[in-house]
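J.: So here's input.cif, just mmCIF, C-alpha atoms:
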```cif
data_work
loop_
_atom_site.group_PDB
_atom_site.id
_atom_site.type_symbol
_atom_site.label_atom_id
_atom_site.label_comp_id
_atom_site.auth_asym_id
_atom_site.auth_seq_id
_atom_site.Cartn_x
_atom_site.Cartn_y
_atom_site.Cartn_z
ATOM 1 C CA MET A 1 0.000 0.000 0.000
ATOM 2 C CA SER A 2 1.491 3.347 -1.005
ATOM 3 C CA VAL A 3 2.081 5.955 1.674
ATOM 4 C CA PRO A 4 0.681 9.436 0.941
ATOM 5 C CA PRO A 5 3.311 12.145 0.578
ATOM 6 C CA LEU A 6 4.257 14.174 3.632
ATOM 7 C CA PRO A 7 2.742 17.662 3.362
ATOM 8 C CA PRO A 8 5.353 20.406 3.801
ATOM 9 C CA SER A 9 3.283 22.208 6.407
ATOM 10 C CA LEU A 10 0.219 21.638 8.541
ATOM 11 C CA LEU A 11 -2.884 22.235 6.454
ATOM 12 C CA PRO A 12 -5.379 24.730 7.889
ATOM 13 C CA PRO A 13 -8.224 23.164 9.880
ATOM 14 C CA ARG A 14 -11.635 22.874 8.298
ATOM 15 C CA GLY A 15 -13.926 23.223 11.271
ATOM 16 C CA GLN A 16 -16.103 20.667 12.963
ATOM 17 C CA SER A 17 -19.107 19.072 11.326
ATOM 18 C CA MET A 18 -22.210 18.094 13.277
ATOM 19 C CA ALA A 19 -21.438 14.427 12.657
ATOM 20 C CA VAL A 20 -17.996 14.780 14.234
ATOM 21 C CA TRP A 21 -19.461 16.690 17.199
ATOM 22 C CA ILE A 22 -22.026 13.951 17.798
ATOM 23 C CA ARG A 23 -19.429 11.192 17.421
ATOM 24 C CA ARG A 24 -16.993 12.967 19.756
ATOM 25 C CA THR A 25 -19.707 13.535 22.329
ATOM 26 C CA PHE A 26 -20.883 9.946 22.130
ATOM 27 C CA ARG A 27 -17.358 8.566 22.520
ATOM 28 C CA SER A 28 -16.771 10.871 25.493
ATOM 29 C CA ARG A 29 -19.469 9.011 27.419
ATOM 30 C CA LYS A 30 -16.798 6.472 28.380
ATOM 31 C CA ALA A 31 -15.626 8.968 31.013
ATOM 32 C CA LEU A 32 -18.953 8.618 32.792
ATOM 33 C CA SER A 33 -19.885 6.049 35.412
ATOM 34 C CA GLY A 34 -21.199 2.659 34.354
ATOM 35 C CA VAL A 35 -24.804 3.419 35.281
ATOM 36 C CA THR A 36 -24.771 6.714 33.389
ATOM 37 C CA GLN A 37 -23.303 5.010 30.340
ATOM 38 C CA TRP A 38 -25.987 2.359 30.544
ATOM 39 C CA PHE A 39 -28.680 5.022 30.564
ATOM 40 C CA ILE A 40 -27.178 6.574 27.462
ATOM 41 C CA ASP A 41 -26.653 3.287 25.619
ATOM 42 C CA TRP A 42 -29.896 1.567 26.586
ATOM 43 C CA GLY A 43 -32.025 3.945 28.592
ATOM 44 C CA ILE A 44 -32.503 6.483 25.832
ATOM 45 C CA PRO A 45 -33.497 3.892 23.177
ATOM 46 C CA ILE A 46 -35.866 2.216 25.646
ATOM 47 C CA PHE A 47 -37.372 5.591 26.498
ATOM 48 C CA LEU A 48 -37.886 6.308 22.803
ATOM 49 C CA VAL A 49 -39.592 2.939 22.295
ATOM 50 C CA ILE A 50 -41.842 3.584 25.279
ATOM 51 C CA GLY A 51 -42.631 7.025 23.976
ATOM 52 C CA PHE A 52 -43.531 5.656 20.573
ATOM 53 C CA VAL A 53 -45.737 2.917 22.039
ATOM 54 C CA TRP A 54 -47.366 5.447 24.351
ATOM 55 C CA VAL A 55 -48.178 7.927 21.626
ATOM 56 C CA PHE A 56 -49.245 5.232 19.167
ATOM 57 C CA GLY A 57 -51.343 3.461 21.766
ATOM 58 C CA ALA A 58 -52.896 6.654 23.102
ATOM 59 C CA GLY A 59 -54.106 7.413 19.615
ATOM 60 C CA ARG A 60 -55.720 3.966 19.336
ATOM 61 C CA SER A 61 -57.167 3.790 22.847
ATOM 62 C CA GLU A 62 -60.648 5.014 23.678
ATOM 63 C CA LYS A 63 -59.386 6.298 27.004
ATOM 64 C CA GLY A 64 -56.445 8.173 25.476
ATOM 65 C CA TRP A 65 -53.301 8.801 27.541
ATOM 66 C CA SER A 66 -54.747 7.551 30.809
ATOM 67 C CA GLY A 67 -55.817 4.312 29.142
ATOM 68 C CA ILE A 68 -52.284 3.539 27.967
ATOM 69 C CA TYR A 69 -50.899 4.542 31.361
ATOM 70 C CA ARG A 70 -53.202 2.034 33.064
ATOM 71 C CA VAL A 71 -52.059 -0.701 30.653
ATOM 72 C CA PHE A 72 -48.361 0.180 31.221
ATOM 73 C CA THR A 73 -48.798 -0.065 34.957
ATOM 74 C CA LEU A 74 -50.726 -3.357 34.589
ATOM 75 C CA ILE A 75 -53.930 -1.956 36.102
ATOM 76 C CA ASP A 76 -56.005 -2.699 33.013
ATOM 77 C CA ARG A 77 -55.667 -5.607 30.639
ATOM 78 C CA PRO A 78 -54.647 -4.924 27.002
ATOM 79 C CA VAL A 79 -57.407 -4.880 24.419
ATOM 80 C CA HIS A 80 -55.624 -4.172 21.118
ATOM 81 C CA VAL A 81 -52.212 -4.750 19.576
ATOM 82 C CA SER A 82 -50.593 -1.503 20.660
ATOM 83 C CA SER A 83 -51.824 -1.910 24.214
ATOM 84 C CA TRP A 84 -50.382 -5.441 24.256
ATOM 85 C CA GLY A 85 -47.022 -3.869 23.492
ATOM 86 C CA ALA A 86 -47.479 -1.432 26.368
ATOM 87 C CA SER A 87 -48.464 -4.241 28.708
ATOM 88 C CA ILE A 88 -45.408 -6.343 27.828
ATOM 89 C CA LEU A 89 -43.153 -3.334 28.260
ATOM 90 C CA GLY A 90 -44.725 -2.719 31.635
ATOM 91 C CA TRP A 91 -44.010 -6.316 32.700
ATOM 92 C CA LEU A 92 -40.394 -5.962 31.564
ATOM 93 C CA LEU A 93 -39.667 -2.476 32.828
ATOM 94 C CA VAL A 94 -40.992 -2.495 36.332
ATOM 95 C CA PRO A 95 -39.339 -5.596 37.795
ATOM 96 C CA ALA A 96 -36.461 -6.273 35.436
ATOM 97 C CA LEU A 97 -35.108 -2.918 34.367
ATOM 98 C CA ILE A 98 -36.168 -0.520 37.093
ATOM 99 C CA GLY A 99 -35.610 -3.070 39.846
ATOM 100 C CA GLY A 100 -32.329 -4.200 38.324
ATOM 101 C CA VAL A 101 -30.967 -0.697 37.870
ATOM 102 C CA ALA A 102 -32.067 0.440 41.317
ATOM 103 C CA GLY A 103 -30.604 -2.680 42.880
ATOM 104 C CA HIS A 104 -27.280 -2.232 41.109
ATOM 105 C CA VAL A 105 -26.987 1.449 42.017
ATOM 106 C CA ILE A 106 -27.803 0.824 45.674
ATOM 107 C CA ALA A 107 -25.511 -2.181 45.887
ATOM 108 C CA ALA A 108 -22.649 -0.322 44.187
ATOM 109 C CA ARG A 109 -23.029 2.626 46.564
ATOM 110 C CA MET A 110 -23.020 0.300 49.542
ATOM 111 C CA GLN A 111 -19.904 -1.417 48.232
ATOM 112 C CA ARG A 112 -18.003 1.820 47.624
ATOM 113 C CA VAL A 113 -18.913 3.631 50.802
ATOM 114 C CA LYS A 114 -15.536 2.765 52.371
ATOM 115 C CA GLU A 115 -13.456 2.729 49.197
ATOM 116 C CA ILE A 116 -11.301 5.635 48.163
ATOM 117 C CA ALA A 117 -9.201 5.622 45.005
ATOM 118 C CA THR A 118 -5.478 5.807 45.718
ATOM 119 C CA ASN A 119 -5.020 9.089 43.895
ATOM 120 C CA GLN A 120 -7.871 10.639 45.879
ATOM 121 C CA LEU A 121 -6.421 9.951 49.289
ATOM 122 C CA PHE A 122 -6.317 13.117 51.403
ATOM 123 C CA GLN A 123 -7.712 15.105 48.467
ATOM 124 C CA ARG A 124 -10.495 17.623 48.783
ATOM 125 C CA ARG A 125 -13.202 17.727 46.132
ATOM 126 C CA GLY A 126 -15.343 20.793 46.441
ATOM 127 C CA LEU A 127 -18.935 21.153 45.346
ATOM 128 C CA LYS A 128 -17.862 23.010 42.248
ATOM 129 C CA ARG A 129 -15.790 20.066 41.074
ATOM 130 C CA ARG A 130 -18.473 17.542 41.954
ATOM 131 C CA LEU A 131 -21.065 19.458 39.951
ATOM 132 C CA LYS A 132 -18.813 20.237 37.001
ATOM 133 C CA PRO A 133 -20.466 18.839 33.863
ATOM 134 C CA PRO A 134 -18.627 16.130 31.929
ATOM 135 C CA GLY A 135 -16.213 17.260 29.264
ATOM 136 C CA ARG A 136 -15.739 16.019 25.718
ATOM 137 C CA ILE A 137 -12.721 14.525 24.056
ATOM 138 C CA THR A 138 -10.591 17.360 22.699
ATOM 139 C CA PHE A 139 -11.255 18.540 19.183
ATOM 140 C CA LEU A 140 -7.713 18.679 17.819
ATOM 141 C CA GLU A 141 -8.373 21.655 15.563
ATOM 142 C CA SER A 142 -9.095 23.727 18.687
ATOM 143 C CA LEU A 143 -5.406 23.295 19.614
ATOM 144 C CA HIS A 144 -4.276 24.909 16.370
ATOM 145 C CA LEU A 145 -2.100 27.958 17.127
ATOM 146 C CA LYS A 146 -3.060 27.717 20.804
ATOM 147 C CA SER A 147 0.451 27.227 22.196
ATOM 148 C CA ALA A 148 3.891 26.213 20.957
ATOM 149 C CA GLU A 149 3.608 22.767 22.575
ATOM 150 C CA ASP A 150 0.167 22.147 21.057
ATOM 151 C CA GLN A 151 1.362 23.231 17.628
ATOM 152 C CA GLU A 152 4.341 20.885 17.884
ATOM 153 C CA PHE A 153 2.012 18.063 18.859
ATOM 154 C CA LEU A 154 -0.327 18.758 15.936
ATOM 155 C CA ASP A 155 2.583 18.959 13.527
ATOM 156 C CA ARG A 156 3.892 15.606 14.680
ATOM 157 C CA TYR A 157 0.550 13.850 15.064
ATOM 158 C CA VAL A 158 -1.579 15.329 12.267
ATOM 159 C CA ARG A 159 0.962 16.308 9.624
ATOM 160 C CA ARG A 160 3.583 13.596 10.047
ATOM 161 C CA ALA A 161 1.756 10.579 11.487
ATOM 162 C CA HIS A 162 -1.437 11.131 9.472
ATOM 163 C CA ARG A 163 -0.041 12.958 6.458
ATOM 164 C CA GLY A 164 -2.035 16.086 7.201
ATOM 165 C CA ASP A 165 -5.396 14.288 7.339
ATOM 166 C CA TRP A 166 -7.193 16.143 10.144
ATOM 167 C CA LYS A 167 -10.258 13.926 9.862
ATOM 168 C CA LYS A 168 -8.358 10.669 10.315
ATOM 169 C CA ALA A 169 -6.180 12.135 13.054
ATOM 170 C CA GLN A 170 -9.246 13.290 14.985
ATOM 171 C CA ASP A 171 -10.928 9.904 14.591
ATOM 172 C CA HIS A 172 -7.860 8.021 15.827
ATOM 173 C CA TRP A 173 -7.347 10.448 18.691
ATOM 174 C CA GLU A 174 -10.921 9.852 19.858
ATOM 175 C CA VAL A 175 -10.547 6.082 19.514
ATOM 176 C CA LEU A 176 -7.399 6.051 21.628
ATOM 177 C CA VAL A 177 -8.811 8.324 24.353
ATOM 178 C CA ARG A 178 -12.016 6.286 24.428
ATOM 179 C CA ASP A 179 -10.100 3.027 24.824
ATOM 180 C CA VAL A 180 -7.879 4.474 27.558
ATOM 181 C CA LEU A 181 -11.028 5.580 29.397
ATOM 182 C CA CYS A 182 -12.072 1.912 29.544
ATOM 183 C CA THR A 183 -8.957 0.828 31.443
ATOM 184 C CA VAL A 184 -8.766 -0.305 35.014
ATOM 185 C CA GLU A 185 -6.344 2.446 36.051
ATOM 186 C CA LEU A 186 -8.958 5.117 35.380
ATOM 187 C CA ALA A 187 -11.912 3.197 36.790
ATOM 188 C CA GLU A 188 -12.032 4.988 40.143
ATOM 189 C CA LEU A 189 -11.561 8.522 38.832
ATOM 190 C CA ASP A 190 -14.457 10.922 38.447
ATOM 191 C CA ARG A 191 -15.573 11.841 34.979
ATOM 192 C CA ASN A 192 -13.417 14.929 34.567
ATOM 193 C CA GLU A 193 -10.297 13.439 36.129
ATOM 194 C CA ALA A 194 -10.706 10.333 33.984
ATOM 195 C CA LEU A 195 -10.921 12.366 30.794
ATOM 196 C CA GLU A 196 -7.887 14.482 31.760
ATOM 197 C CA SER A 197 -5.825 11.403 32.554
ATOM 198 C CA ALA A 198 -6.951 9.600 29.418
ATOM 199 C CA GLU A 199 -5.944 12.519 27.213
ATOM 200 C CA SER A 200 -2.620 12.775 29.033
ATOM 201 C CA VAL A 201 -1.944 9.085 28.354
ATOM 202 C CA ALA A 202 -3.064 9.414 24.748
ATOM 203 C CA ARG A 203 -0.855 12.422 24.121
ATOM 204 C CA ALA A 204 2.190 10.739 25.662
ATOM 205 C CA VAL A 205 1.589 7.572 23.646
ATOM 206 C CA MET A 206 1.000 9.489 20.430
ATOM 207 C CA TRP A 207 4.149 11.542 20.967
ATOM 208 C CA VAL A 208 6.473 8.592 21.373
ATOM 209 C CA THR A 209 5.036 6.796 18.351
ATOM 210 C CA GLY A 210 4.781 10.090 16.485
ATOM 211 C CA TYR A 211 8.559 10.505 16.690
ATOM 212 C CA GLN A 212 8.699 7.651 14.205
ATOM 213 C CA ASP A 213 5.775 9.094 12.208
ATOM 214 C CA LYS A 214 3.549 6.302 13.456
ATOM 215 C CA CYS A 215 0.061 6.212 14.946
ATOM 216 C CA LEU A 216 -0.887 3.351 17.251
ATOM 217 C CA VAL A 217 -4.436 3.181 15.897
ATOM 218 C CA CYS A 218 -3.244 3.216 12.270
ATOM 219 C CA THR A 219 -0.849 0.364 13.052
ATOM 220 C CA ALA A 220 -3.436 -1.677 14.934
ATOM 221 C CA ARG A 221 -5.957 -1.357 12.110
ATOM 222 C CA ALA A 222 -3.356 -2.184 9.480
ATOM 223 C CA HIS A 223 -2.627 -5.440 11.317
ATOM 224 C CA GLN A 224 -6.307 -6.229 11.835
ATOM 225 C CA PRO A 225 -7.285 -9.404 9.915
ATOM 226 C CA MET B 1 -16.175 -4.058 33.512
ATOM 227 C CA GLN B 2 -12.650 -3.013 32.538
ATOM 228 C CA THR B 3 -10.832 -5.679 30.610
ATOM 229 C CA ARG B 4 -7.824 -3.630 29.568
ATOM 230 C CA SER B 5 -4.973 -1.850 31.248
ATOM 231 C CA VAL B 6 -3.206 1.344 30.245
ATOM 232 C CA VAL B 7 0.022 -0.667 30.498
ATOM 233 C CA GLU B 8 -1.150 -2.927 27.666
ATOM 234 C CA ILE B 9 -1.830 0.059 25.461
ATOM 235 C CA ALA B 10 1.542 1.588 26.349
ATOM 236 C CA ARG B 11 3.273 -1.713 25.667
ATOM 237 C CA ALA B 12 1.683 -1.951 22.233
ATOM 238 C CA ALA B 13 2.986 1.526 21.458
ATOM 239 C CA LEU B 14 6.516 0.761 22.650
ATOM 240 C CA ARG B 15 6.609 -2.500 20.726
ATOM 241 C CA GLU B 16 6.090 -0.471 17.552
ATOM 242 C CA ILE B 17 8.962 1.912 18.151
ATOM 243 C CA PHE B 18 11.475 -0.229 20.072
ATOM 244 C CA PRO B 19 12.101 -3.208 17.796
ATOM 245 C CA THR B 20 15.237 -4.424 19.592
ATOM 246 C CA ALA B 21 13.922 -4.081 23.156
ATOM 247 C CA PRO B 22 13.588 -7.322 25.162
ATOM 248 C CA GLU B 23 10.210 -8.356 26.551
ATOM 249 C CA ASP B 24 11.010 -7.407 30.124
ATOM 250 C CA GLY B 25 12.309 -4.060 28.856
ATOM 251 C CA LEU B 26 9.033 -3.410 27.089
ATOM 252 C CA ASP B 27 7.177 -4.286 30.294
ATOM 253 C CA GLU B 28 9.301 -1.864 32.303
ATOM 254 C CA GLY B 29 8.970 0.907 29.736
ATOM 255 C CA ALA B 30 5.227 0.384 29.462
ATOM 256 C CA ARG B 31 4.783 0.670 33.218
ATOM 257 C CA HIS B 32 6.636 3.985 33.224
ATOM 258 C CA LEU B 33 4.719 5.348 30.232
ATOM 259 C CA ALA B 34 1.385 4.305 31.732
ATOM 260 C CA ARG B 35 2.208 5.863 35.098
ATOM 261 C CA TRP B 36 3.442 9.128 33.631
ATOM 262 C CA GLY B 37 0.385 9.355 31.413
ATOM 263 C CA VAL B 38 -2.094 8.665 34.204
ATOM 264 C CA GLU B 39 -0.307 11.161 36.463
ATOM 265 C CA GLY B 40 -0.872 13.883 33.882
ATOM 266 C CA HIS B 41 2.657 14.337 32.516
ATOM 267 C CA GLY B 42 1.375 13.910 28.977
ATOM 268 C CA THR B 43 -0.798 17.014 29.205
ATOM 269 C CA GLY B 44 0.708 19.872 27.221
ATOM 270 C CA LEU B 45 3.677 17.736 26.228
ATOM 271 C CA GLY B 46 5.810 19.479 23.601
ATOM 272 C CA SER B 47 8.573 18.381 21.299
ATOM 273 C CA SER B 48 11.560 18.654 23.628
ATOM 274 C CA ALA B 49 9.823 17.202 26.697
ATOM 275 C CA ALA B 50 8.420 14.369 24.577
ATOM 276 C CA ALA B 51 11.937 13.677 23.310
ATOM 277 C CA LEU B 52 13.194 13.407 26.890
ATOM 278 C CA MET B 53 10.328 11.055 27.672
ATOM 279 C CA TYR B 54 11.206 8.993 24.587
ATOM 280 C CA MET B 55 14.832 8.689 25.700
ATOM 281 C CA ASP B 56 13.824 7.795 29.251
ATOM 282 C CA LEU B 57 11.542 5.092 27.906
ATOM 283 C CA ALA B 58 14.237 3.812 25.564
ATOM 284 C CA GLY B 59 16.572 3.520 28.537
ATOM 285 C CA ALA B 60 13.990 1.740 30.657
ATOM 286 C CA ALA B 61 13.130 -0.620 27.794
ATOM 287 C CA GLN B 62 16.824 -1.310 27.058
ATOM 288 C CA GLU B 63 16.333 -0.126 23.493
ATOM 289 C CA ARG B 64 19.638 0.586 21.805
ATOM 290 C CA HIS B 65 18.510 2.823 18.978
ATOM 291 C CA VAL B 66 17.202 6.370 19.496
ATOM 292 C CA PRO B 67 16.436 8.432 16.353
ATOM 293 C CA ASP B 68 18.666 11.448 15.756
ATOM 294 C CA ASP B 69 15.773 13.892 15.676
ATOM 295 C CA VAL B 70 14.716 12.729 19.145
ATOM 296 C CA ILE B 71 18.197 13.357 20.521
ATOM 297 C CA ALA B 72 18.292 16.758 18.827
ATOM 298 C CA ALA B 73 14.853 17.733 20.171
ATOM 299 C CA GLY B 74 15.800 16.600 23.659
ATOM 300 C CA GLU B 75 18.835 18.843 23.688
ATOM 301 C CA VAL B 76 16.791 21.986 22.948
ATOM 302 C CA ARG B 77 15.754 22.504 26.558
ATOM 303 C CA ALA B 78 17.546 20.056 28.810
ATOM 304 C CA GLY B 79 16.129 19.072 32.206
ATOM 305 C CA THR B 80 12.482 20.005 31.705
ATOM 306 C CA ARG B 81 11.027 16.752 32.949
ATOM 307 C CA THR B 82 7.901 16.987 35.056
ATOM 308 C CA TRP B 83 8.071 13.251 35.736
ATOM 309 C CA ARG B 84 10.630 11.307 37.705
ATOM 310 C CA ALA B 85 13.033 9.696 35.237
ATOM 311 C CA PRO B 86 13.730 5.978 35.723
ATOM 312 C CA SER B 87 17.395 6.715 36.450
ATOM 313 C CA GLN B 88 16.318 8.785 39.438
ATOM 314 C CA LEU B 89 14.295 5.983 40.989
ATOM 315 C CA GLY B 90 15.733 3.735 43.699
#
```
Mind turning the file's structure into structure tokens?
T.:
Amino acid sequence: MSVPPLPPSLLPPRGQSMAVWIRRTFRSRKALSGVTQWFIDWGIPIFLVIGFVWVFGAGRSEKGWSGIYRVFTLIDRPVHVSSWGASILGWLLVPALIGGVAGHVIAARMQRVKEIATNQLFQRRGLKRRLKPPGRITFLESLHLKSAEDQEFLDRYVRRAHRGDWKKAQDHWEVLVRDVLCTVELAELDRNEALESAESVARAVMWVTGYQDKCLVCTARAHQP
Amino acid sequence: MQTRSVVEIARAALREIFPTAPEDGLDEGARHLARWGVEGHGTGLGSSAAALMYMDLAGAAQERHVPDDVIAAGEVRAGTRTWRAPSQLG
């Protein structure tokens, strides 16, 4: 496979598309706790299905919204196809999902009440830090011309390791940060600390491989059967 | 459930760039790279500091070859490590 030529200078960034923003945001969810990730991965689709069944069923039911609610909560028996769907969802949601999620969250909290991550020993986390919203994986183009160190990193990682392809470099950067977020070393960190550490690891890894114009993700995918 | 360690990822990276390093050297280098990364030393890493990190890792991994541009970049601003170099441990 031929290697693209090395561009003489870093090409100007093109800006972020909505698709990249959504992908970056979705991949950043790996910094969140397991329960939160589960709600994003499964909770939102389940909620959408419930919403669809509710709206569809409410339109078919003589009793409207309250009729579907009573079928969901197993008060009334189903009388038509859409209400059968609501009834089955009600059977599944109440004991299996809601009970399962609540049980896991309570059990996990009980388990962790006396556990403190090693790097948090003697540390103080104020309310501001606890309430800080989760961040997103860095958009590399935002580092352009930000500082000398960032420009050097972009030159090595985007121009040399990815032959100036901002799109591929961004994708591989997100993949590496996402995979680092899934490691055991970052498991006990809060969402912002985990993302900071993951990006620190990713940058260090990409620098050392970048000194040989290599990208770990490019190499791994090239060797993939 | 986490099924992967940062050390594994670091080891995969070092295996790519240190072809002559022995297995135990790669393990040692990977542990250092993983620890420095998790501790935040990768944040804001520039060319000269990254070159120093590269040379420290090469030493820890017992890798004989270090590219000339790494040595040159490391000499730009000597002694700007924020991490504790392996030679300073023990």
J.: Find the residues of chain B in contact range of chain A, meaning any atom within 8 Å when counting all atoms listed in the file, and list them as a PyMOL selection string.
T.: chain B and resi 2-6+9-10+12-14+16-17+33-34+36-47+50-51+53-54+70
J.: For the file shown, report as a PDB file with C-alpha atoms, in the coordinates of the input the outcome of the PyMOL selection byres ((chain A and resi 81) around 12) at residue level.
T.:
```pdb
ATOM      1  CA  VAL A  53     -45.737   2.917  22.039  1.00  0.00           C
ATOM      2  CA  PHE A  56     -49.245   5.232  19.167  1.00  0.00           C
ATOM      3  CA  GLY A  57     -51.343   3.461  21.766  1.00  0.00           C
ATOM      4  CA  ALA A  58     -52.896   6.654  23.102  1.00  0.00           C
ATOM      5  CA  ARG A  60     -55.720   3.966  19.336  1.00  0.00           C
ATOM      6  CA  SER A  61     -57.167   3.790  22.847  1.00  0.00           C
ATOM      7  CA  ILE A  68     -52.284   3.539  27.967  1.00  0.00           C
ATOM      8  CA  VAL A  71     -52.059  -0.701  30.653  1.00  0.00           C
ATOM      9  CA  ARG A  77     -55.667  -5.607  30.639  1.00  0.00           C
ATOM     10  CA  PRO A  78     -54.647  -4.924  27.002  1.00  0.00           C
ATOM     11  CA  VAL A  79     -57.407  -4.880  24.419  1.00  0.00           C
ATOM     12  CA  HIS A  80     -55.624  -4.172  21.118  1.00  0.00           C
ATOM     13  CA  SER A  82     -50.593  -1.503  20.660  1.00  0.00           C
ATOM     14  CA  SER A  83     -51.824  -1.910  24.214  1.00  0.00           C
ATOM     15  CA  TRP A  84     -50.382  -5.441  24.256  1.00  0.00           C
ATOM     16  CA  GLY A  85     -47.022  -3.869  23.492  1.00  0.00           C
ATOM     17  CA  ALA A  86     -47.479  -1.432  26.368  1.00  0.00           C
ATOM     18  CA  SER A  87     -48.464  -4.241  28.708  1.00  0.00           C
ATOM     19  CA  ILE A  88     -45.408  -6.343  27.828  1.00  0.00           C
TER      20      ILE A  88
END
```
J.: Quick one: what's the axis-aligned box for range 40-43 of chain B, all listed atoms, 3 Å on every side, centre and edges in Å to one decimal, as JSON?
T.:
```
{"center_x": 0.9, "center_y": 15.4, "center_z": 31.4, "size_x": 9.5, "size_y": 9.1, "size_z": 10.9}
```
J.: Separation of CA of Trp91 in chain A and CA of Phe39 in chain A, in Å?
T.: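 Interatomic distance here is 19.2 Å.
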J.: Could you state which residues are captured by the PyMOL selection byres ((chain B and resi 20) around 9) in this file, as a PyMOL selection string?
T.: chain B and resi 15+18-19+21-22+62-65
